[in-house]
Amino acid sequence: MQTVGIVVGPVTQKNLDSVIKANGQLAVPPQNKADVSILSGGIIDHISVIEGQQVKRGQLLATIKNQDLIRIQQDYLAAKNNFTYVQAEYSRQKQLQEAGAGTGKSFQLSEATYNAEHSRLTAYESQLSQLGISPGKIASGRIVSQFPVLSPIGGTVGQITANTGAFVQPGTSIMEVVDNSKIHCDLTVFEKDLMHVKVGQKVSFQLTNQENELITGTINGVNKSFENESKGVTVHAVINNKQQKNLIPGMYVTALISTGSRLMPAVPVDAVVRSEGKQFIFAVVPSDEKSGTVKFKKAEVATGVTELGFVQIKPLQDLPASVKVALKGAFYLQSKAAGGAEDK
């Protein structure tokens with residue numbers, strides 16, 4: 001054993017920086033993703049953008065032709081002209097009332113008519129404003145037959161689901177706009193690991209289908225309910241994307257969440273050998289000390305955190321609490337075991 005450098009010793013408790021492995025995908029908050037819908041049905045007259053184009057909040061995306069729009073403007077102008085008369089009559093009755101020359105009934109009637117017509121006029125103005133049409137321009141005689149569709153947020157135009165000339169119903173989404181500047185990651189953490197995950201912990205991400213590109217982030221939220229029968233809880237992490245990598249919602253990631261230092265059973269990295277896709281340590285088999293021989297047995301283990309030359313281990317079979325293992329020389333023992341001399 002001295003000649004080949006085999007050293008035995010106990011499995012020790014080491015203070016290692018623990019990590020939790022989790023899978024998930026990139027996403028954007030609801031306030032950074034918008035479906036562009038229309039309030040009133042009509043025919044798409046023109047689409048001003050293409051998929052992938054950057055747009056600003058309030059930018060023109062499309063125009064919609066609507067024949068009912070002309071009627072709404074006519075009704076608005078009629079209501080506005082009528083309100084001018086009603087307002088004048090209300091002012092006259094108010095002056096008479098204040099001077100004590102009018103009747104209370106006439107003043108109350110003119111006041112009621114004034115309030116009703118004012119509400120009707122305000123409703124028309126609100127309806128026009130929602131359609132992106134300025135009531136002031138209509139009042140000046142500029143009647144329009146189409147209304148604009150404006151971007152509700154700044155971002156990138158996603159899928160456009162309608163074509164020029166198509167008729168769309170009210171409430172129909174014709175395209176989406178996504179702001180990827182606030183992209184984050186939704187990770188699934190299972191119940192057994194949940195108590196170790198906290199807001200503020202650092203996360204390292206690997207983009208699964210992007211040649212394992214590395215990005216970093218920080219936990220900023222932990223859901224308080226299970227998502228499904230798998231007992232998984234969604235954990236949200238903000239991403240540090242100073243390098244402006246092209247991150248897109250839906251990308252799959254594998255994440256390592258740093259949960260801080262914890263005491264855990266560990267052995268030197270050289271004590272673990274790999275064979276046929278499995279990992280093993282060599283445990284000392286209790287024997288008669290008078291024989292002067294030491295026997296070893298392979299024990300399969302699962303490994304975890306690796307830090308400062310030590311690796312966390314979890315035996316997959318029961319081992320005595322005071323078991324000793326080969327801390328050095330495990331590769332020599334593996335070669336002897338492969339040659340049929342496993343117990344020597």
# chains A, B, ... in the order shown; residues from 1 in each chain; ligands from 1
>>> residues_around(residues="region 216-226 of chain A", least_positions_apart="2", cutoff="6 Å", atoms="only C-alpha atoms", output="list in words")
Val199, Gly200, Gln201, Lys202, Val203, Ser204, Phe205, Asn228, Lys231, Gly232, Val233, Thr234, Val235, His236, Ala237, Val238, Ile239 and Asn240 of chain A
>>> residues_around(residues="region 293-305 of chain A", least_positions_apart="6", cutoff="7 Å", atoms="only C-alpha atoms", output="JSON list (two decimals) with N, CA and C atoms, in the first residue's frame")
[["chain", "number", "residue", "atom", "x", "y", "z"],
["A", 18, "SER", "N", -22.89, 24.48, -1.23],
["A", 18, "SER", "CA", -23.89, 23.57, -1.79],
["A", 18, "SER", "C", -24.62, 24.21, -2.96],
["A", 19, "VAL", "N", -25.01, 23.38, -3.92],
["A", 19, "VAL", "CA", -25.80, 23.85, -5.06],
["A", 19, "VAL", "C", -26.98, 22.91, -5.27],
["A", 279, "GLN", "N", -20.15, 5.79, -10.60],
["A", 279, "GLN", "CA", -19.09, 6.32, -9.75],
["A", 279, "GLN", "C", -18.96, 5.46, -8.49],
["A", 280, "PHE", "N", -17.70, 5.22, -8.10],
["A", 280, "PHE", "CA", -17.46, 4.31, -6.99],
["A", 280, "PHE", "C", -16.40, 4.88, -6.05],
["A", 281, "ILE", "N", -16.46, 4.43, -4.80],
["A", 281, "ILE", "CA", -15.35, 4.58, -3.87],
["A", 281, "ILE", "C", -14.96, 3.18, -3.43],
["A", 282, "PHE", "N", -13.77, 3.04, -2.83],
["A", 282, "PHE", "CA", -13.33, 1.74, -2.31],
["A", 282, "PHE", "C", -13.36, 1.79, -0.79],
["A", 283, "ALA", "N", -14.29, 1.01, -0.23],
["A", 283, "ALA", "CA", -14.47, 0.96, 1.22],
["A", 283, "ALA", "C", -13.66, -0.19, 1.80],
["A", 284, "VAL", "N", -13.06, 0.05, 2.96],
["A", 284, "VAL", "CA", -12.30, -0.99, 3.65],
["A", 284, "VAL", "C", -13.27, -1.99, 4.26],
["A", 285, "VAL", "N", -13.04, -3.27, 3.94],
["A", 285, "VAL", "CA", -13.88, -4.33, 4.49],
["A", 285, "VAL", "C", -13.33, -4.73, 5.86],
["A", 311, "VAL", "N", -15.09, 16.32, -2.96],
["A", 311, "VAL", "CA", -16.36, 16.13, -3.64],
["A", 311, "VAL", "C", -17.35, 15.52, -2.66],
["A", 312, "GLN", "N", -18.56, 16.03, -2.69],
["A", 312, "GLN", "CA", -19.63, 15.48, -1.86],
["A", 312, "GLN", "C", -20.03, 14.11, -2.38],
["A", 313, "ILE", "N", -20.26, 13.15, -1.46],
["A", 313, "ILE", "CA", -20.68, 11.82, -1.88],
["A", 313, "ILE", "C", -21.91, 11.40, -1.09],
["A", 314, "LYS", "N", -22.70, 10.56, -1.74],
["A", 314, "LYS", "CA", -23.85, 9.94, -1.09],
["A", 314, "LYS", "C", -23.87, 8.48, -1.50],
["A", 315, "PRO", "N", -23.48, 7.56, -0.58],
["A", 315, "PRO", "CA", -23.46, 6.13, -0.92],
["A", 315, "PRO", "C", -24.84, 5.65, -1.33],
["A", 316, "LEU", "N", -24.89, 4.83, -2.35],
["A", 316, "LEU", "CA", -26.16, 4.26, -2.81],
["A", 316, "LEU", "C", -26.47, 2.95, -2.12],
["A", 343, "ASP", "N", -10.59, -7.86, -4.50],
["A", 343, "ASP", "CA", -10.50, -7.91, -3.03],
["A", 343, "ASP", "C", -9.07, -7.91, -2.52],
["A", 344, "LYS", "N", -8.13, -7.51, -3.31],
["A", 344, "LYS", "CA", -6.72, -7.52, -2.88],
["A", 344, "LYS", "C", -6.14, -6.12, -2.89]]
>>> atom_distance(atom1="CA of Ile44 (chain A)", atom2="CA of Gln130 (chain A)")
17.5 Å
>>> residues_around(residues="Ser106 (chain A)", least_positions_apart="2", cutoff="12 Å", atoms="only C-alpha atoms", output="PyMOL selection string")
chain A and resi 89-97+101-104+108-113
>>> write_last_selection(atoms="N, CA, C and O atoms", output="PDB file, in the first residue's frame")
ATOM      1  N   GLU A  89     -78.282  77.432 -22.984  1.00  0.00           N
ATOM      2  CA  GLU A  89     -79.569  77.510 -22.282  1.00  0.00           C
ATOM      3  C   GLU A  89     -79.375  77.324 -20.779  1.00  0.00           C
ATOM      4  O   GLU A  89     -80.026  78.025 -19.971  1.00  0.00           O
ATOM      5  N   TYR A  90     -78.480  76.429 -20.403  1.00  0.00           N
ATOM      6  CA  TYR A  90     -78.206  76.197 -18.971  1.00  0.00           C
ATOM      7  C   TYR A  90     -77.597  77.450 -18.340  1.00  0.00           C
ATOM      8  O   TYR A  90     -77.980  77.852 -17.219  1.00  0.00           O
ATOM      9  N   SER A  91     -76.669  78.107 -19.056  1.00  0.00           N
ATOM     10  CA  SER A  91     -76.049  79.331 -18.540  1.00  0.00           C
ATOM     11  C   SER A  91     -77.101  80.431 -18.364  1.00  0.00           C
ATOM     12  O   SER A  91     -77.083  81.187 -17.372  1.00  0.00           O
ATOM     13  N   ARG A  92     -78.064  80.521 -19.325  1.00  0.00           N
ATOM     14  CA  ARG A  92     -79.101  81.551 -19.244  1.00  0.00           C
ATOM     15  C   ARG A  92     -80.022  81.308 -18.056  1.00  0.00           C
ATOM     16  O   ARG A  92     -80.343  82.226 -17.285  1.00  0.00           O
ATOM     17  N   GLN A  93     -80.428  80.045 -17.878  1.00  0.00           N
ATOM     18  CA  GLN A  93     -81.319  79.719 -16.769  1.00  0.00           C
ATOM     19  C   GLN A  93     -80.611  79.902 -15.418  1.00  0.00           C
ATOM     20  O   GLN A  93     -81.231  80.307 -14.430  1.00  0.00           O
ATOM     21  N   LYS A  94     -79.321  79.649 -15.396  1.00  0.00           N
ATOM     22  CA  LYS A  94     -78.572  79.824 -14.148  1.00  0.00           C
ATOM     23  C   LYS A  94     -78.493  81.302 -13.760  1.00  0.00           C
ATOM     24  O   LYS A  94     -78.632  81.660 -12.575  1.00  0.00           O
ATOM     25  N   GLN A  95     -78.275  82.166 -14.772  1.00  0.00           N
ATOM     26  CA  GLN A  95     -78.211  83.603 -14.506  1.00  0.00           C
ATOM     27  C   GLN A  95     -79.573  84.121 -14.017  1.00  0.00           C
ATOM     28  O   GLN A  95     -79.656  84.957 -13.093  1.00  0.00           O
ATOM     29  N   LEU A  96     -80.663  83.632 -14.640  1.00  0.00           N
ATOM     30  CA  LEU A  96     -81.992  84.032 -14.212  1.00  0.00           C
ATOM     31  C   LEU A  96     -82.283  83.557 -12.789  1.00  0.00           C
ATOM     32  O   LEU A  96     -82.894  84.278 -11.989  1.00  0.00           O
ATOM     33  N   GLN A  97     -81.828  82.344 -12.469  1.00  0.00           N
ATOM     34  CA  GLN A  97     -82.058  81.800 -11.141  1.00  0.00           C
ATOM     35  C   GLN A  97     -81.330  82.627 -10.091  1.00  0.00           C
ATOM     36  O   GLN A  97     -81.879  82.903  -9.010  1.00  0.00           O
ATOM     37  N   ALA A 101     -85.164  85.844 -11.195  1.00  0.00           N
ATOM     38  CA  ALA A 101     -86.152  86.121 -12.240  1.00  0.00           C
ATOM     39  C   ALA A 101     -86.677  84.856 -12.900  1.00  0.00           C
ATOM     40  O   ALA A 101     -87.635  84.901 -13.668  1.00  0.00           O
ATOM     41  N   GLY A 102     -86.047  83.731 -12.648  1.00  0.00           N
ATOM     42  CA  GLY A 102     -86.460  82.494 -13.297  1.00  0.00           C
ATOM     43  C   GLY A 102     -87.214  81.584 -12.343  1.00  0.00           C
ATOM     44  O   GLY A 102     -87.357  81.860 -11.154  1.00  0.00           O
ATOM     45  N   THR A 103     -87.704  80.474 -12.906  1.00  0.00           N
ATOM     46  CA  THR A 103     -88.410  79.498 -12.078  1.00  0.00           C
ATOM     47  C   THR A 103     -87.470  78.347 -11.762  1.00  0.00           C
ATOM     48  O   THR A 103     -86.610  77.971 -12.567  1.00  0.00           O
ATOM     49  N   GLY A 104     -87.667  77.767 -10.610  1.00  0.00           N
ATOM     50  CA  GLY A 104     -86.817  76.646 -10.220  1.00  0.00           C
ATOM     51  C   GLY A 104     -86.980  75.447 -11.121  1.00  0.00           C
ATOM     52  O   GLY A 104     -86.029  74.725 -11.407  1.00  0.00           O
ATOM     53  N   GLN A 108     -83.950  73.533 -13.126  1.00  0.00           N
ATOM     54  CA  GLN A 108     -83.670  72.113 -12.887  1.00  0.00           C
ATOM     55  C   GLN A 108     -83.732  71.311 -14.180  1.00  0.00           C
ATOM     56  O   GLN A 108     -82.944  70.398 -14.401  1.00  0.00           O
ATOM     57  N   LEU A 109     -84.686  71.651 -15.046  1.00  0.00           N
ATOM     58  CA  LEU A 109     -84.804  70.949 -16.331  1.00  0.00           C
ATOM     59  C   LEU A 109     -83.593  71.211 -17.209  1.00  0.00           C
ATOM     60  O   LEU A 109     -83.040  70.282 -17.822  1.00  0.00           O
ATOM     61  N   SER A 110     -83.142  72.458 -17.260  1.00  0.00           N
ATOM     62  CA  SER A 110     -81.977  72.789 -18.092  1.00  0.00           C
ATOM     63  C   SER A 110     -80.702  72.173 -17.500  1.00  0.00           C
ATOM     64  O   SER A 110     -79.803  71.740 -18.257  1.00  0.00           O
ATOM     65  N   GLU A 111     -80.623  72.101 -16.184  1.00  0.00           N
ATOM     66  CA  GLU A 111     -79.456  71.495 -15.545  1.00  0.00           C
ATOM     67  C   GLU A 111     -79.386  69.991 -15.837  1.00  0.00           C
ATOM     68  O   GLU A 111     -78.316  69.443 -16.133  1.00  0.00           O
ATOM     69  N   ALA A 112     -80.549  69.326 -15.753  1.00  0.00           N
ATOM     70  CA  ALA A 112     -80.600  67.885 -16.045  1.00  0.00           C
ATOM     71  C   ALA A 112     -80.228  67.608 -17.500  1.00  0.00           C
ATOM     72  O   ALA A 112     -79.488  66.659 -17.812  1.00  0.00           O
ATOM     73  N   THR A 113     -80.758  68.451 -18.401  1.00  0.00           N
ATOM     74  CA  THR A 113     -80.434  68.281 -19.825  1.00  0.00           C
ATOM     75  C   THR A 113     -78.951  68.522 -20.080  1.00  0.00           C
ATOM     76  O   THR A 113     -78.313  67.798 -20.856  1.00  0.00           O
TER      77      THR A 113
END
>>> closest_residue(among="A:Thr12, A:Gln31, A:Gln25, A:Ser40", to="Thr172 (chain A)", atoms="only C-alpha atoms")
A:Ser40
>>> residues_around(residues="region 153-159 of chain A", least_positions_apart="5", cutoff="9 Å", atoms="only C-alpha atoms", output="list in words")
Gln31, Asn32, Lys33, Ala34, Val49, Ile50, Glu51, Gly52, Gln53, Gln54, Val55, Lys56, Arg57, Gly58, Gln59, Ile174, Met175, Glu176, Val177, Val178, Asp179, Asn180 and Ser181 of chain A
>>> write_last_selection(atoms="N, CA, C and O atoms", output="mmCIF file, in the first residue's frame")
data_model
loop_
_atom_site.group_PDB
_atom_site.id
_atom_site.type_symbol
_atom_site.label_atom_id
_atom_site.label_comp_id
_atom_site.auth_asym_id
_atom_site.auth_seq_id
_atom_site.Cartn_x
_atom_site.Cartn_y
_atom_site.Cartn_z
ATOM 1 N N GLN A 31 -46.340 42.000 -17.987
ATOM 2 C CA GLN A 31 -46.367 43.411 -18.393
ATOM 3 C C GLN A 31 -45.376 43.725 -19.505
ATOM 4 O O GLN A 31 -45.376 44.841 -20.031
ATOM 5 N N ASN A 32 -44.526 42.768 -19.868
ATOM 6 C CA ASN A 32 -43.557 42.981 -20.949
ATOM 7 C C ASN A 32 -43.888 42.165 -22.194
ATOM 8 O O ASN A 32 -43.054 42.009 -23.086
ATOM 9 N N LYS A 33 -45.107 41.666 -22.240
ATOM 10 C CA LYS A 33 -45.566 40.936 -23.430
ATOM 11 C C LYS A 33 -46.999 41.351 -23.704
ATOM 12 O O LYS A 33 -47.860 41.286 -22.819
ATOM 13 N N ALA A 34 -47.263 41.809 -24.916
ATOM 14 C CA ALA A 34 -48.585 42.350 -25.223
ATOM 15 C C ALA A 34 -49.150 41.718 -26.480
ATOM 16 O O ALA A 34 -48.448 41.572 -27.494
ATOM 17 N N VAL A 49 -45.477 47.134 -39.977
ATOM 18 C CA VAL A 49 -44.287 46.523 -39.393
ATOM 19 C C VAL A 49 -44.131 45.102 -39.911
ATOM 20 O O VAL A 49 -45.044 44.544 -40.525
ATOM 21 N N ILE A 50 -42.947 44.525 -39.631
ATOM 22 C CA ILE A 50 -42.695 43.124 -39.966
ATOM 23 C C ILE A 50 -42.240 42.400 -38.705
ATOM 24 O O ILE A 50 -41.839 43.028 -37.721
ATOM 25 N N GLU A 51 -42.315 41.101 -38.719
ATOM 26 C CA GLU A 51 -41.894 40.314 -37.568
ATOM 27 C C GLU A 51 -40.406 40.525 -37.290
ATOM 28 O O GLU A 51 -39.589 40.546 -38.210
ATOM 29 N N GLY A 52 -40.069 40.695 -36.016
ATOM 30 C CA GLY A 52 -38.683 40.925 -35.624
ATOM 31 C C GLY A 52 -38.284 42.384 -35.564
ATOM 32 O O GLY A 52 -37.180 42.707 -35.143
ATOM 33 N N GLN A 53 -39.180 43.280 -35.979
ATOM 34 C CA GLN A 53 -38.867 44.715 -35.986
ATOM 35 C C GLN A 53 -38.998 45.300 -34.583
ATOM 36 O O GLN A 53 -39.905 44.960 -33.829
ATOM 37 N N GLN A 54 -38.072 46.199 -34.244
ATOM 38 C CA GLN A 54 -38.139 46.911 -32.971
ATOM 39 C C GLN A 54 -39.126 48.070 -33.088
ATOM 40 O O GLN A 54 -39.082 48.828 -34.057
ATOM 41 N N VAL A 55 -40.024 48.196 -32.103
ATOM 42 C CA VAL A 55 -41.000 49.281 -32.121
ATOM 43 C C VAL A 55 -41.014 49.978 -30.766
ATOM 44 O O VAL A 55 -40.609 49.402 -29.749
ATOM 45 N N LYS A 56 -41.489 51.223 -30.751
ATOM 46 C CA LYS A 56 -41.617 51.995 -29.526
ATOM 47 C C LYS A 56 -43.072 52.016 -29.084
ATOM 48 O O LYS A 56 -43.982 51.755 -29.878
ATOM 49 N N ARG A 57 -43.274 52.317 -27.819
ATOM 50 C CA ARG A 57 -44.635 52.448 -27.300
ATOM 51 C C ARG A 57 -45.368 53.561 -28.055
ATOM 52 O O ARG A 57 -44.848 54.663 -28.236
ATOM 53 N N GLY A 58 -46.579 53.273 -28.547
ATOM 54 C CA GLY A 58 -47.364 54.251 -29.284
ATOM 55 C C GLY A 58 -47.075 54.296 -30.768
ATOM 56 O O GLY A 58 -47.708 55.076 -31.488
ATOM 57 N N GLN A 59 -46.148 53.464 -31.255
ATOM 58 C CA GLN A 59 -45.821 53.478 -32.690
ATOM 59 C C GLN A 59 -46.939 52.817 -33.495
ATOM 60 O O GLN A 59 -47.588 51.864 -33.057
ATOM 61 N N ILE A 174 -54.004 40.607 -33.557
ATOM 62 C CA ILE A 174 -53.427 40.500 -34.899
ATOM 63 C C ILE A 174 -51.912 40.326 -34.869
ATOM 64 O O ILE A 174 -51.309 39.963 -35.875
ATOM 65 N N MET A 175 -51.280 40.602 -33.718
ATOM 66 C CA MET A 175 -49.840 40.393 -33.587
ATOM 67 C C MET A 175 -49.477 40.505 -32.109
ATOM 68 O O MET A 175 -50.319 40.848 -31.268
ATOM 69 N N GLU A 176 -48.221 40.205 -31.775
ATOM 70 C CA GLU A 176 -47.740 40.363 -30.403
ATOM 71 C C GLU A 176 -46.459 41.191 -30.410
ATOM 72 O O GLU A 176 -45.718 41.203 -31.389
ATOM 73 N N VAL A 177 -46.238 41.877 -29.284
ATOM 74 C CA VAL A 177 -45.016 42.651 -29.088
ATOM 75 C C VAL A 177 -44.394 42.196 -27.774
ATOM 76 O O VAL A 177 -45.081 42.134 -26.748
ATOM 77 N N VAL A 178 -43.103 41.857 -27.816
ATOM 78 C CA VAL A 178 -42.415 41.325 -26.639
ATOM 79 C C VAL A 178 -41.210 42.196 -26.315
ATOM 80 O O VAL A 178 -40.408 42.520 -27.197
ATOM 81 N N ASP A 179 -41.102 42.574 -25.041
ATOM 82 C CA ASP A 179 -39.951 43.335 -24.559
ATOM 83 C C ASP A 179 -39.031 42.387 -23.811
ATOM 84 O O ASP A 179 -39.291 42.016 -22.664
ATOM 85 N N ASN A 180 -37.936 41.974 -24.471
ATOM 86 C CA ASN A 180 -37.018 40.996 -23.884
ATOM 87 C C ASN A 180 -36.019 41.609 -22.903
ATOM 88 O O ASN A 180 -35.184 40.890 -22.352
ATOM 89 N N SER A 181 -36.088 42.921 -22.678
ATOM 90 C CA SER A 181 -35.125 43.549 -21.773
ATOM 91 C C SER A 181 -35.329 43.082 -20.334
ATOM 92 O O SER A 181 -34.414 43.164 -19.520
#
>>> atom_distance(atom1="CA of Asp45 (chain A)", atom2="CA of Asn66 (chain A)")
9.7 Å
>>> select_by_dssp(residues="region 8-209 of chain A", states="strand (DSSP E or B)", output="NGL selection string")
:A and (8-10 or 12-27 or 33-37 or 42-47 or 54-55 or 60-65 or 146-150 or 155-160 or 167-168 or 173-178 or 184-190 or 202-207)
